[in-house]
$ cat start.txt   # compact mmCIF, C-alpha atoms
# COMPACT_ATOMS: atom_id res chain seq x y z
CA MET A 144 2.10 -0.55 -27.36
CA SER A 145 -0.49 2.07 -26.52
CA ASN A 146 0.22 5.50 -25.19
CA ILE A 147 -1.07 6.22 -21.71
CA GLY A 148 -1.43 9.86 -22.67
CA ASN A 149 -0.67 13.23 -21.25
CA PHE A 150 -1.46 12.66 -17.61
CA GLU A 151 1.38 14.56 -15.99
CA ASN A 152 -0.08 18.04 -16.15
CA ILE A 153 -3.78 17.66 -15.58
CA GLY A 154 -3.91 17.20 -11.85
CA VAL A 155 -4.01 13.45 -11.68
CA ALA A 156 -2.08 12.65 -8.53
CA PHE A 157 -1.09 9.37 -6.97
CA GLY A 158 1.93 7.69 -5.48
CA ASN A 159 3.01 4.36 -4.05
CA TRP A 160 6.07 4.00 -1.88
CA GLY A 161 7.37 1.17 0.21
CA LEU A 162 10.18 -0.73 1.77
CA THR A 163 12.14 -2.46 -0.96
CA THR A 164 15.13 -3.76 0.99
CA ALA A 165 15.51 -7.41 1.93
CA GLU A 166 16.65 -6.44 5.40
CA PRO A 167 14.19 -4.82 7.82
CA PHE A 168 14.40 -1.10 8.49
CA VAL A 169 14.94 -0.28 12.15
CA VAL A 170 13.21 2.78 13.56
CA ASN A 171 15.18 3.94 16.58
CA ILE A 172 12.97 5.04 19.43
CA LEU A 173 14.88 6.94 22.07
CA GLU A 174 12.05 8.30 24.13
CA GLN A 175 8.74 6.88 25.24
CA ASN A 176 5.63 8.46 23.70
CA VAL A 177 7.64 10.58 21.27
CA PHE A 178 6.80 10.08 17.61
CA VAL A 179 9.56 9.24 15.15
CA ARG A 180 9.22 9.55 11.41
CA LEU A 181 8.72 6.21 9.78
CA THR A 182 8.72 7.15 6.11
CA PRO A 183 12.48 7.69 5.53
CA SER A 184 12.66 3.98 4.85
CA LEU A 185 10.38 4.20 1.83
CA SER A 186 11.37 4.21 -1.83
CA THR A 187 9.24 4.83 -4.88
CA GLN A 188 7.20 2.27 -6.78
CA ILE A 189 5.34 4.86 -8.82
CA GLN A 190 4.39 8.52 -8.42
CA ASN A 191 2.73 11.28 -10.40
CA ASN A 192 2.24 14.85 -9.19
CA ILE A 193 3.11 13.63 -5.70
CA SER A 194 6.65 12.94 -4.59
CA ILE A 195 8.58 11.75 -1.59
CA SER A 196 11.77 13.33 -0.29
CA ASN A 197 13.60 12.41 2.91
CA GLY A 198 10.50 10.64 4.11
CA VAL A 199 8.13 13.54 3.49
CA VAL A 200 5.36 13.16 0.92
CA ASN A 201 5.00 16.38 -1.07
CA ILE A 202 1.56 17.18 -2.46
CA ASN A 203 1.15 20.16 -4.74
CA ASP A 204 -2.60 20.60 -4.96
CA ASN A 205 -5.49 21.04 -2.55
CA GLY A 206 -8.09 18.30 -2.46
CA ILE A 207 -9.47 15.17 -0.92
CA TYR A 208 -6.83 12.47 -0.69
CA MET A 209 -7.03 8.79 0.15
CA ILE A 210 -4.14 7.49 2.22
CA GLN A 211 -3.69 3.79 2.77
CA TYR A 212 -0.86 1.69 4.10
CA VAL A 213 0.12 -1.81 5.12
CA ASN A 214 3.14 -2.27 7.35
CA SER A 215 4.51 -5.37 9.01
CA PHE A 216 6.50 -4.88 12.19
CA SER A 217 8.40 -6.74 14.82
CA GLY A 218 10.18 -5.52 17.92
CA GLY A 219 9.37 -4.32 21.37
CA VAL A 220 8.39 -6.73 24.11
CA ASN A 221 4.63 -6.69 23.82
CA ASP A 222 4.89 -2.91 23.74
CA GLN A 223 1.99 -0.80 22.61
CA PHE A 224 2.95 1.30 19.60
CA MET A 225 1.11 4.05 17.77
CA ILE A 226 1.12 5.09 14.12
CA ARG A 227 -0.20 8.42 12.96
CA PHE A 228 0.01 10.85 10.08
CA THR A 229 1.14 14.43 10.33
CA GLN A 230 0.83 17.27 7.87
CA GLY A 231 2.44 20.57 7.03
CA TRP A 232 1.28 23.54 4.99
CA GLY A 233 3.45 24.97 2.23
CA LEU A 234 6.19 23.80 -0.09
CA GLY A 235 8.64 21.64 1.83
CA ALA A 236 7.00 22.42 5.16
CA ASP A 237 7.95 20.23 8.09
CA PRO A 238 4.87 18.04 8.68
CA THR A 239 4.45 18.43 12.42
CA TYR A 240 0.68 18.77 12.79
CA TYR A 241 -1.21 15.61 13.74
CA ILE A 242 -3.90 14.65 11.22
CA PRO A 243 -6.98 14.09 13.39
CA ASN A 244 -8.26 10.53 13.66
CA SER A 245 -5.28 9.01 11.90
CA LEU A 246 -3.92 7.34 15.04
CA VAL A 247 -3.73 3.54 15.15
CA ARG A 248 -2.59 1.64 18.24
CA PHE A 249 -1.18 -1.87 18.16
CA THR A 250 0.86 -4.20 20.31
CA THR A 251 3.93 -5.89 18.92
CA LYS A 252 4.61 -9.55 19.52
CA GLY A 253 8.36 -9.52 20.12
CA THR A 254 10.14 -11.19 17.22
CA ASN A 255 6.87 -12.21 15.53
CA PHE A 256 5.59 -10.06 12.71
CA TRP A 257 2.52 -7.93 13.22
CA GLU A 258 0.72 -6.27 10.33
CA VAL A 259 -0.99 -2.92 10.64
CA GLN A 260 -3.10 -1.40 7.91
CA ASN A 261 -5.35 1.60 7.62
CA MET A 262 -7.12 3.74 5.06
CA ILE A 263 -8.21 7.32 5.65
CA PHE A 264 -9.47 10.27 3.66
CA VAL A 265 -7.97 13.68 4.34
CA ASN A 266 -9.04 17.10 3.11
CA LEU A 267 -5.91 19.09 2.36
CA GLN A 268 -6.71 22.79 2.09
CA PRO A 269 -4.74 26.01 2.54
CA LYS A 270 -4.14 27.02 6.13
CA ILE A 271 -5.90 30.29 6.92
CA ASN A 272 -5.89 31.33 10.54
CA SER A 273 -8.06 34.37 10.02
CA LEU A 274 -9.49 36.56 7.31
CA ALA A 275 -7.00 39.19 8.33
CA GLU A 276 -4.32 37.10 6.69
CA LEU A 277 -5.95 37.60 3.31
CA VAL A 278 -4.99 41.25 2.95
CA GLU A 279 -4.06 42.88 -0.30
CA GLY A 280 -0.49 42.35 -1.31
CA GLN A 281 -0.02 39.36 0.89
CA GLU A 282 0.77 36.03 -0.65
CA PHE A 283 -2.21 33.73 -0.90
CA PRO A 284 -1.90 30.62 1.28
CA SER A 285 -0.01 27.85 -0.45
CA SER A 286 -1.73 24.88 -2.05
CA ASN A 287 1.34 22.77 -1.30
CA HIS A 288 1.07 20.22 1.46
CA THR A 289 3.32 17.71 3.12
CA ILE A 290 2.45 14.57 5.03
CA ALA A 291 4.47 11.98 6.90
CA MET A 292 3.90 8.74 8.78
CA GLU A 293 5.18 8.51 12.35
CA VAL A 294 5.48 5.82 14.99
CA ALA A 295 5.85 5.97 18.78
CA ASN A 296 6.21 3.48 21.62
CA ARG A 297 3.75 4.13 24.45
CA GLN A 298 5.34 1.87 27.02
CA ASP A 299 9.05 1.64 26.42
CA THR A 300 11.94 2.81 24.28
CA SER A 301 12.30 -0.43 22.34
CA ASN A 302 13.05 -0.01 18.66
CA ILE A 303 10.69 -1.32 16.02
CA LYS A 304 11.60 -3.11 12.80
CA ILE A 305 9.69 -2.67 9.55
CA HIS A 306 9.74 -5.84 7.47
CA SER A 307 7.47 -4.69 4.67
CA SER A 308 5.62 -1.50 3.95
CA SER A 309 3.43 0.00 1.27
CA LEU A 310 2.04 3.52 1.39
CA ILE A 311 -0.42 4.80 -1.22
CA VAL A 312 -1.68 8.36 -1.62
CA THR A 313 -4.33 9.03 -4.27
CA LYS A 314 -6.10 12.27 -5.06
CA LEU A 315 -9.81 11.63 -5.19
CA LEU A 316 -11.14 15.12 -5.85
CA MET B 173 -9.75 23.12 -12.51
CA ALA B 174 -7.56 20.14 -11.91
CA LYS B 175 -9.21 16.84 -12.57
CA SER B 176 -9.15 14.04 -10.07
CA SER B 177 -7.78 10.59 -10.62
CA PHE B 178 -11.20 9.05 -10.82
CA SER B 179 -12.30 11.35 -13.64
CA TYR B 180 -10.69 8.68 -15.79
CA GLN B 181 -12.13 5.71 -14.00
CA SER B 182 -12.91 3.21 -16.67
CA ALA B 183 -11.99 -0.19 -15.33
CA TRP B 184 -12.64 -1.97 -12.09
CA LEU B 185 -12.86 -5.43 -10.70
CA ASN B 186 -13.82 -7.19 -7.52
CA GLY B 187 -12.88 -10.84 -7.27
CA TYR B 188 -13.45 -13.30 -4.47
CA SER B 189 -12.69 -16.93 -3.81
CA THR B 190 -12.53 -19.37 -0.92
CA SER B 191 -11.22 -22.19 -3.08
CA ILE B 192 -7.93 -21.02 -4.52
CA PRO B 193 -5.63 -24.05 -4.78
CA ASP B 194 -3.04 -24.45 -2.06
CA VAL B 195 0.28 -22.77 -2.76
CA ASP B 196 2.83 -25.55 -2.96
CA PHE B 197 6.24 -24.05 -2.30
CA ARG B 198 7.41 -27.06 -0.31
CA ARG B 199 11.15 -27.54 -0.23
CA SER B 200 11.71 -24.33 -2.18
CA THR B 201 12.00 -20.61 -1.54
CA ASP B 202 11.16 -19.78 -5.16
CA PRO B 203 8.05 -17.65 -5.74
CA VAL B 204 4.93 -19.55 -6.77
CA ILE B 205 2.34 -17.95 -9.05
CA MET B 206 -1.13 -18.12 -7.54
CA ASN B 207 -3.80 -19.94 -9.51
CA LEU B 208 -6.75 -17.53 -9.77
CA ASP B 209 -9.00 -19.93 -11.66
CA SER B 210 -11.67 -20.02 -8.97
CA LEU B 211 -12.04 -16.25 -8.58
CA GLU B 212 -15.59 -15.04 -9.09
CA PHE B 213 -15.91 -11.49 -10.32
CA SER B 214 -18.65 -9.06 -9.42
CA PRO B 215 -18.61 -6.35 -10.50
CA VAL B 216 -16.07 -6.35 -13.27
CA TYR B 217 -15.58 -3.91 -16.10
CA ASN B 218 -12.86 -3.87 -18.75
CA PHE B 219 -10.92 -6.84 -17.45
CA VAL B 220 -10.56 -10.27 -19.04
CA THR B 221 -9.54 -13.63 -17.69
CA ILE B 222 -6.65 -15.31 -19.43
CA ASN B 223 -4.73 -18.54 -19.22
CA ASN B 224 -1.03 -17.86 -19.23
CA ASP B 225 1.14 -20.98 -19.17
CA ASN B 226 -1.67 -22.89 -17.45
CA LYS B 227 -1.84 -20.21 -14.75
CA PRO B 228 -5.34 -18.70 -14.96
CA SER B 229 -5.11 -14.98 -14.40
CA ILE B 230 -6.65 -11.64 -15.25
CA THR B 231 -5.60 -8.55 -17.12
CA PRO B 232 -7.16 -5.18 -17.97
CA THR B 233 -8.11 -4.39 -21.53
CA GLY B 234 -6.70 -0.87 -21.43
CA VAL B 235 -3.53 0.91 -20.44
CA GLY B 236 -3.16 3.10 -17.39
CA PHE B 237 -2.43 3.13 -13.70
CA PHE B 238 -4.29 0.70 -11.47
CA LEU B 239 -4.77 0.62 -7.71
CA VAL B 240 -4.67 -2.97 -6.45
CA ASN B 241 -5.93 -4.10 -3.04
CA VAL B 242 -5.82 -7.66 -1.78
CA SER B 243 -7.29 -8.96 1.45
CA LEU B 244 -6.51 -12.59 2.12
CA SER B 245 -6.55 -15.14 4.88
CA THR B 246 -4.31 -18.16 5.02
CA LYS B 247 -3.38 -21.13 7.14
CA GLY B 248 -0.71 -23.81 7.01
CA ALA B 249 2.96 -23.43 6.11
CA THR B 250 3.96 -23.89 9.76
CA ASN B 251 5.35 -20.62 11.08
CA ASP B 252 7.11 -19.58 7.89
CA THR B 253 7.70 -15.99 6.89
CA ILE B 254 5.67 -15.53 3.72
CA GLU B 255 6.12 -12.88 1.07
CA LEU B 256 3.36 -11.78 -1.31
CA GLY B 257 3.99 -9.64 -4.36
CA MET B 258 2.51 -9.07 -7.78
CA SER B 259 3.67 -8.66 -11.32
CA TYR B 260 2.44 -7.46 -14.66
CA ASP B 261 3.90 -9.01 -17.78
CA GLY B 262 6.69 -10.46 -15.67
CA SER B 263 7.64 -7.10 -14.17
CA LEU B 264 7.47 -7.20 -10.38
CA SER B 265 5.97 -4.47 -8.25
CA LYS B 266 8.48 -3.24 -5.71
CA MET B 267 5.82 -3.58 -3.05
CA LYS B 268 5.97 -6.76 -0.98
CA LEU B 269 3.97 -7.89 1.99
CA LYS B 270 5.67 -10.04 4.59
CA TRP B 271 3.90 -11.92 7.34
CA GLN B 272 4.37 -15.00 9.48
CA GLN B 273 2.08 -17.99 9.37
CA LYS B 274 0.39 -19.35 12.47
CA GLY B 275 0.30 -23.03 11.59
CA GLY B 276 -3.27 -24.29 11.53
CA ASN B 277 -4.72 -20.99 12.65
CA PHE B 278 -6.13 -18.54 10.16
CA TRP B 279 -4.19 -15.37 9.56
CA SER B 280 -5.62 -12.41 7.68
CA THR B 281 -3.72 -9.59 6.09
CA ASN B 282 -3.71 -7.06 3.26
CA TYR B 283 -1.58 -6.05 0.31
CA ASN B 284 -1.72 -2.98 -1.89
CA THR B 285 0.16 -1.36 -4.72
CA ILE B 286 -0.25 0.80 -7.82
CA ILE B 287 0.85 -0.75 -11.08
CA LYS B 288 1.30 0.61 -14.57
CA ILE B 289 -0.30 -1.23 -17.48
CA THR B 290 1.49 -0.40 -20.68
CA THR B 291 -0.20 -2.41 -23.37
CA THR B 292 -3.62 -3.52 -24.54
CA GLU B 293 -2.19 -6.92 -25.44
CA THR B 294 -4.43 -8.93 -23.16
CA GLU B 295 -2.29 -12.05 -23.09
CA LYS B 296 -0.03 -10.31 -20.58
CA PRO B 297 -1.20 -11.28 -17.10
CA LEU B 298 -1.47 -9.72 -13.69
CA GLN B 299 -0.10 -12.32 -11.35
CA PHE B 300 0.34 -12.73 -7.62
CA LEU B 301 3.43 -14.48 -6.34
CA ILE B 302 3.91 -16.08 -2.96
CA SER B 303 7.14 -17.38 -1.52
CA SER B 304 8.40 -18.67 1.79
CA THR B 305 11.73 -17.85 3.37
CA ILE B 306 11.91 -21.35 4.81
CA GLN B 307 11.85 -24.61 2.90
CA SER B 308 8.69 -25.71 4.65
CA ASP B 309 7.14 -29.15 4.24
CA VAL B 310 3.61 -27.77 4.54
CA LYS B 311 1.60 -26.11 1.78
CA LEU B 312 0.00 -22.71 2.24
CA ALA B 313 -3.80 -22.81 2.15
CA ILE B 314 -5.54 -19.67 0.90
CA THR B 315 -8.74 -19.72 2.94
CA SER B 316 -10.12 -16.56 1.35
CA PHE B 317 -8.91 -14.15 -1.29
CA ASN B 318 -10.55 -10.81 -2.00
CA LEU B 319 -9.12 -8.74 -4.82
CA SER B 320 -10.17 -5.26 -5.88
CA ILE B 321 -8.59 -3.28 -8.70
CA ILE B 322 -9.59 0.14 -9.96
CA LYS B 323 -8.12 2.24 -12.71
CA LEU B 324 -6.84 5.57 -11.42
CA TYR B 325 -6.05 7.00 -14.82
$ encode --input "start.txt" --output "structure tokens"
Amino acid sequence: MSNIGNFENIGVAFGNWGLTTAEPFVVNILEQNVFVRLTPSLSTQIQNNISISNGVVNINDNGIYMIQYVNSFSGGVNDQFMIRFTQGWGLGADPTYYIPNSLVRFTTKGTNFWEVQNMIFVNLQPKINSLAELVEGQEFPSSNHTIAMEVANRQDTSNIKIHSSSLIVTKLL
Amino acid sequence: MAKSSFSYQSAWLNGYSTSIPDVDFRRSTDPVIMNLDSLEFSPVYNFVTINNDNKPSITPTGVGFFLVNVSLSTKGATNDTIELGMSYDGSLSKMKLKWQQKGGNFWSTNYNTIIKITTTETEKPLQFLISSTIQSDVKLAITSFNLSIIKLY
């Protein structure tokens, strides 16, 4: 047996989470066009320097990250759904800001499965609204970030079922 | 300065085949190990091919964490719900992909996971397992299989 080494404290960051239950996870959609968090269904396959808690992925370093996922869905009655990622700035921040260009639209096929996959790069950096925020004595903007995956139904309030899911976040730089 | 995952990149593989043998899970819901004998690799670095219990497979030569991506297209197996997963040394990844077949039509989908390789003993294989939730009478044909693996650390 070889030792993988001391990787925990040198900034190497990656994580893989997914649906591990035999039964599908139902995302309840109560309002048309309103995004609902999808990630609470996910459990951990492996993670290092990135974690997931209550469906929110916690990232503790600035950088360029690769996000990729594969989900299989059923539900709706030929409804058009949308998946997107949101982000928050700071430790444990509620990720409510839409990550630009992360939106994917798809139409479900009733009880038939439909797979949706995507891969994006995101640049997670401290949020600075203006130079005036960087005054002496004020805390420097946090390098902690949060992200989450959300789903919405454009045409109806039909729920959607997740039959399998895998989300991967890897720090590239 | 924190180092990135790919600072330690030292193994990668891209494999492709359009002639993987049909997956014969007829009359069973048990997982079937895919036969990767026909995979052609280019590029490949620090992986070896192995024959584990007459199931040709691959394995890395070093320990670490590996990002695995599979893009495959299939046909056959009626309209069964199919499940694809992978294992290393008999230990299953928690990640599964489920999809439904479309009979004679091609269906293309993707699978991904990160796995931990814990030993340099290269007789321990990476394997892909496919099962059906229905005891179908029709084999699953793998019309194309594209596998990429890269070491994260």
$ interface_residues --input "start.txt" --of "chain A" --to "chain B" --cutoff "9 Å" --atoms "all atoms listed in the file" --output "NGL selection string"
:A and (144-148 or 150 or 152-163 or 186-189 or 204 or 206 or 211-216 or 255-260 or 306-311 or 313-316)
$ write_last_selection --input "start.txt" --atoms "C-alpha atoms" --output "PDB file, keeping the file's coordinate frame"
ATOM      1  CA  MET A 144       2.100  -0.550 -27.360  1.00  0.00           C
ATOM      2  CA  SER A 145      -0.490   2.070 -26.520  1.00  0.00           C
ATOM      3  CA  ASN A 146       0.220   5.500 -25.190  1.00  0.00           C
ATOM      4  CA  ILE A 147      -1.070   6.220 -21.710  1.00  0.00           C
ATOM      5  CA  GLY A 148      -1.430   9.860 -22.670  1.00  0.00           C
ATOM      6  CA  PHE A 150      -1.460  12.660 -17.610  1.00  0.00           C
ATOM      7  CA  ASN A 152      -0.080  18.040 -16.150  1.00  0.00           C
ATOM      8  CA  ILE A 153      -3.780  17.660 -15.580  1.00  0.00           C
ATOM      9  CA  GLY A 154      -3.910  17.200 -11.850  1.00  0.00           C
ATOM     10  CA  VAL A 155      -4.010  13.450 -11.680  1.00  0.00           C
ATOM     11  CA  ALA A 156      -2.080  12.650  -8.530  1.00  0.00           C
ATOM     12  CA  PHE A 157      -1.090   9.370  -6.970  1.00  0.00           C
ATOM     13  CA  GLY A 158       1.930   7.690  -5.480  1.00  0.00           C
ATOM     14  CA  ASN A 159       3.010   4.360  -4.050  1.00  0.00           C
ATOM     15  CA  TRP A 160       6.070   4.000  -1.880  1.00  0.00           C
ATOM     16  CA  GLY A 161       7.370   1.170   0.210  1.00  0.00           C
ATOM     17  CA  LEU A 162      10.180  -0.730   1.770  1.00  0.00           C
ATOM     18  CA  THR A 163      12.140  -2.460  -0.960  1.00  0.00           C
ATOM     19  CA  SER A 186      11.370   4.210  -1.830  1.00  0.00           C
ATOM     20  CA  THR A 187       9.240   4.830  -4.880  1.00  0.00           C
ATOM     21  CA  GLN A 188       7.200   2.270  -6.780  1.00  0.00           C
ATOM     22  CA  ILE A 189       5.340   4.860  -8.820  1.00  0.00           C
ATOM     23  CA  ASP A 204      -2.600  20.600  -4.960  1.00  0.00           C
ATOM     24  CA  GLY A 206      -8.090  18.300  -2.460  1.00  0.00           C
ATOM     25  CA  GLN A 211      -3.690   3.790   2.770  1.00  0.00           C
ATOM     26  CA  TYR A 212      -0.860   1.690   4.100  1.00  0.00           C
ATOM     27  CA  VAL A 213       0.120  -1.810   5.120  1.00  0.00           C
ATOM     28  CA  ASN A 214       3.140  -2.270   7.350  1.00  0.00           C
ATOM     29  CA  SER A 215       4.510  -5.370   9.010  1.00  0.00           C
ATOM     30  CA  PHE A 216       6.500  -4.880  12.190  1.00  0.00           C
ATOM     31  CA  ASN A 255       6.870 -12.210  15.530  1.00  0.00           C
ATOM     32  CA  PHE A 256       5.590 -10.060  12.710  1.00  0.00           C
ATOM     33  CA  TRP A 257       2.520  -7.930  13.220  1.00  0.00           C
ATOM     34  CA  GLU A 258       0.720  -6.270  10.330  1.00  0.00           C
ATOM     35  CA  VAL A 259      -0.990  -2.920  10.640  1.00  0.00           C
ATOM     36  CA  GLN A 260      -3.100  -1.400   7.910  1.00  0.00           C
ATOM     37  CA  HIS A 306       9.740  -5.840   7.470  1.00  0.00           C
ATOM     38  CA  SER A 307       7.470  -4.690   4.670  1.00  0.00           C
ATOM     39  CA  SER A 308       5.620  -1.500   3.950  1.00  0.00           C
ATOM     40  CA  SER A 309       3.430   0.000   1.270  1.00  0.00           C
ATOM     41  CA  LEU A 310       2.040   3.520   1.390  1.00  0.00           C
ATOM     42  CA  ILE A 311      -0.420   4.800  -1.220  1.00  0.00           C
ATOM     43  CA  THR A 313      -4.330   9.030  -4.270  1.00  0.00           C
ATOM     44  CA  LYS A 314      -6.100  12.270  -5.060  1.00  0.00           C
ATOM     45  CA  LEU A 315      -9.810  11.630  -5.190  1.00  0.00           C
ATOM     46  CA  LEU A 316     -11.140  15.120  -5.850  1.00  0.00           C
TER      47      LEU A 316
END
$ atom_distance --input "start.txt" --atom1 "atom CA of Leu264 of chain B" --atom2 "atom CA of Gly218 of chain A"
28.5 Å
$ atom_distance --input "start.txt" --atom1 "atom CA of Pro238 of chain A" --atom2 "atom CA of Ala291 of chain A"
6.3 Å
$ atom_distance --input "start.txt" --atom1 "atom CA of Thr221 of chain B" --atom2 "atom CA of Lys311 of chain B"
25.7 Å
$ residues_around --input "start.txt" --residues "Gly275 of chain B" --least-positions-apart "4" --cutoff "9 Å" --atoms "all atoms listed in the file" --output "PyMOL selection string"
chain B and resi 247-252
$ axis_aligned_box --input "start.txt" --around "segment 191-199 of chain A" --padding-each-side "5 Å" --output "lines of an AutoDock Vina configuration file"
center_x = 7.9
center_y = 12.7
center_z = -3.1
size_x = 21.4
size_y = 14.2
size_z = 24.5
$ closest_residue --input "start.txt" --among "B:Ser210, B:Thr246, B:Ser259, B:Gln299" --to "Gly276 of chain B" --atoms "all atoms listed in the file"
B:Thr246
$ residues_around --input "start.txt" --residues "Lys227 of chain B" --least-positions-apart "2" --cutoff "8 Å" --atoms "only C-alpha atoms" --output "list in words"
Ile205, Met206, Asn207, Leu208, Asp209, Asn223, Asn224, Asp225 and Ser229 of chain B
$ residues_around --input "start.txt" --residues "Val179 of chain A" --least-positions-apart "5" --cutoff "9 Å" --atoms "only C-alpha atoms" --output "PDB file with C-alpha atoms, keeping the file's coordinate frame"
ATOM      1  CA  VAL A 170      13.210   2.780  13.560  1.00  0.00           C
ATOM      2  CA  ASN A 171      15.180   3.940  16.580  1.00  0.00           C
ATOM      3  CA  ILE A 172      12.970   5.040  19.430  1.00  0.00           C
ATOM      4  CA  MET A 292       3.900   8.740   8.780  1.00  0.00           C
ATOM      5  CA  GLU A 293       5.180   8.510  12.350  1.00  0.00           C
ATOM      6  CA  VAL A 294       5.480   5.820  14.990  1.00  0.00           C
ATOM      7  CA  ALA A 295       5.850   5.970  18.780  1.00  0.00           C
TER       8      ALA A 295
END
$ residues_around --input "start.txt" --residues "Trp184 of chain B" --least-positions-apart "2" --cutoff "10 Å" --atoms "only C-alpha atoms" --output "list in words"
Gln181, Ser182, Asn186, Ser214, Pro215, Val216, Tyr217, Asn218, Phe219, Pro232, Phe238, Leu239, Val240, Ser320, Ile321, Ile322, Lys323 and Leu324 of chain B
$ write_last_selection --input "start.txt" --atoms "C-alpha atoms" --output "JSON list (two decimals), in the coordinates of the input"
[["chain", "number", "residue", "atom", "x", "y", "z"],
["B", 181, "GLN", "CA", -12.13, 5.71, -14.00],
["B", 182, "SER", "CA", -12.91, 3.21, -16.67],
["B", 186, "ASN", "CA", -13.82, -7.19, -7.52],
["B", 214, "SER", "CA", -18.65, -9.06, -9.42],
["B", 215, "PRO", "CA", -18.61, -6.35, -10.50],
["B", 216, "VAL", "CA", -16.07, -6.35, -13.27],
["B", 217, "TYR", "CA", -15.58, -3.91, -16.10],
["B", 218, "ASN", "CA", -12.86, -3.87, -18.75],
["B", 219, "PHE", "CA", -10.92, -6.84, -17.45],
["B", 232, "PRO", "CA", -7.16, -5.18, -17.97],
["B", 238, "PHE", "CA", -4.29, 0.70, -11.47],
["B", 239, "LEU", "CA", -4.77, 0.62, -7.71],
["B", 240, "VAL", "CA", -4.67, -2.97, -6.45],
["B", 320, "SER", "CA", -10.17, -5.26, -5.88],
["B", 321, "ILE", "CA", -8.59, -3.28, -8.70],
["B", 322, "ILE", "CA", -9.59, 0.14, -9.96],
["B", 323, "LYS", "CA", -8.12, 2.24, -12.71],
["B", 324, "LEU", "CA", -6.84, 5.57, -11.42]]
$ residues_near_point --input "start.txt" --point "(2.1, 26.2, 3.2)" --cutoff "7 Å" --atoms "all atoms listed in the file" --output "list in words"
Gly231, Trp232, Gly233, Leu234, Ala236, Pro269, Lys270, Pro284, Ser285, Ser286, Asn287 and His288 of chain A
$ closest_residue --input "start.txt" --among "B:Thr305, B:Ile314, B:Leu319, B:Ile254" --to "Arg199 of chain B" --atoms "all atoms listed in the file"
B:Thr305
$ decode --input "start.txt" --residues "segment 222-233 of chain A" --atoms "N, CA and C atoms" --output "PDB file, in the first residue's frame"
ATOM      1  N   ASP A 222     -42.927  19.561 -19.714  1.00  0.00           N
ATOM      2  CA  ASP A 222     -42.629  20.911 -19.233  1.00  0.00           C
ATOM      3  C   ASP A 222     -41.191  21.288 -19.538  1.00  0.00           C
ATOM      4  N   GLN A 223     -40.982  22.563 -19.745  1.00  0.00           N
ATOM      5  CA  GLN A 223     -39.611  23.041 -19.924  1.00  0.00           C
ATOM      6  C   GLN A 223     -39.046  23.448 -18.565  1.00  0.00           C
ATOM      7  N   PHE A 224     -37.950  22.796 -18.198  1.00  0.00           N
ATOM      8  CA  PHE A 224     -37.281  23.088 -16.931  1.00  0.00           C
ATOM      9  C   PHE A 224     -35.978  23.833 -17.197  1.00  0.00           C
ATOM     10  N   MET A 225     -35.434  24.386 -16.138  1.00  0.00           N
ATOM     11  CA  MET A 225     -34.151  25.092 -16.221  1.00  0.00           C
ATOM     12  C   MET A 225     -33.288  24.672 -15.034  1.00  0.00           C
ATOM     13  N   ILE A 226     -32.006  24.476 -15.308  1.00  0.00           N
ATOM     14  CA  ILE A 226     -31.029  24.252 -14.239  1.00  0.00           C
ATOM     15  C   ILE A 226     -30.025  25.398 -14.280  1.00  0.00           C
ATOM     16  N   ARG A 227     -29.621  25.854 -13.131  1.00  0.00           N
ATOM     17  CA  ARG A 227     -28.584  26.882 -13.096  1.00  0.00           C
ATOM     18  C   ARG A 227     -27.770  26.736 -11.804  1.00  0.00           C
ATOM     19  N   PHE A 228     -26.657  27.421 -11.775  1.00  0.00           N
ATOM     20  CA  PHE A 228     -25.865  27.490 -10.556  1.00  0.00           C
ATOM     21  C   PHE A 228     -25.952  28.898  -9.970  1.00  0.00           C
ATOM     22  N   THR A 229     -25.911  28.940  -8.656  1.00  0.00           N
ATOM     23  CA  THR A 229     -25.867  30.221  -7.960  1.00  0.00           C
ATOM     24  C   THR A 229     -24.651  30.236  -7.048  1.00  0.00           C
ATOM     25  N   GLN A 230     -24.230  31.428  -6.672  1.00  0.00           N
ATOM     26  CA  GLN A 230     -23.085  31.530  -5.787  1.00  0.00           C
ATOM     27  C   GLN A 230     -23.322  32.558  -4.691  1.00  0.00           C
ATOM     28  N   GLY A 231     -22.553  32.408  -3.629  1.00  0.00           N
ATOM     29  CA  GLY A 231     -22.565  33.372  -2.537  1.00  0.00           C
ATOM     30  C   GLY A 231     -21.144  33.682  -2.143  1.00  0.00           C
ATOM     31  N   TRP A 232     -20.932  34.829  -1.532  1.00  0.00           N
ATOM     32  CA  TRP A 232     -19.598  35.241  -1.110  1.00  0.00           C
ATOM     33  C   TRP A 232     -19.521  35.203   0.407  1.00  0.00           C
ATOM     34  N   GLY A 233     -18.508  34.514   0.928  1.00  0.00           N
ATOM     35  CA  GLY A 233     -18.307  34.466   2.369  1.00  0.00           C
ATOM     36  C   GLY A 233     -18.626  33.104   2.940  1.00  0.00           C
TER      37      GLY A 233
END
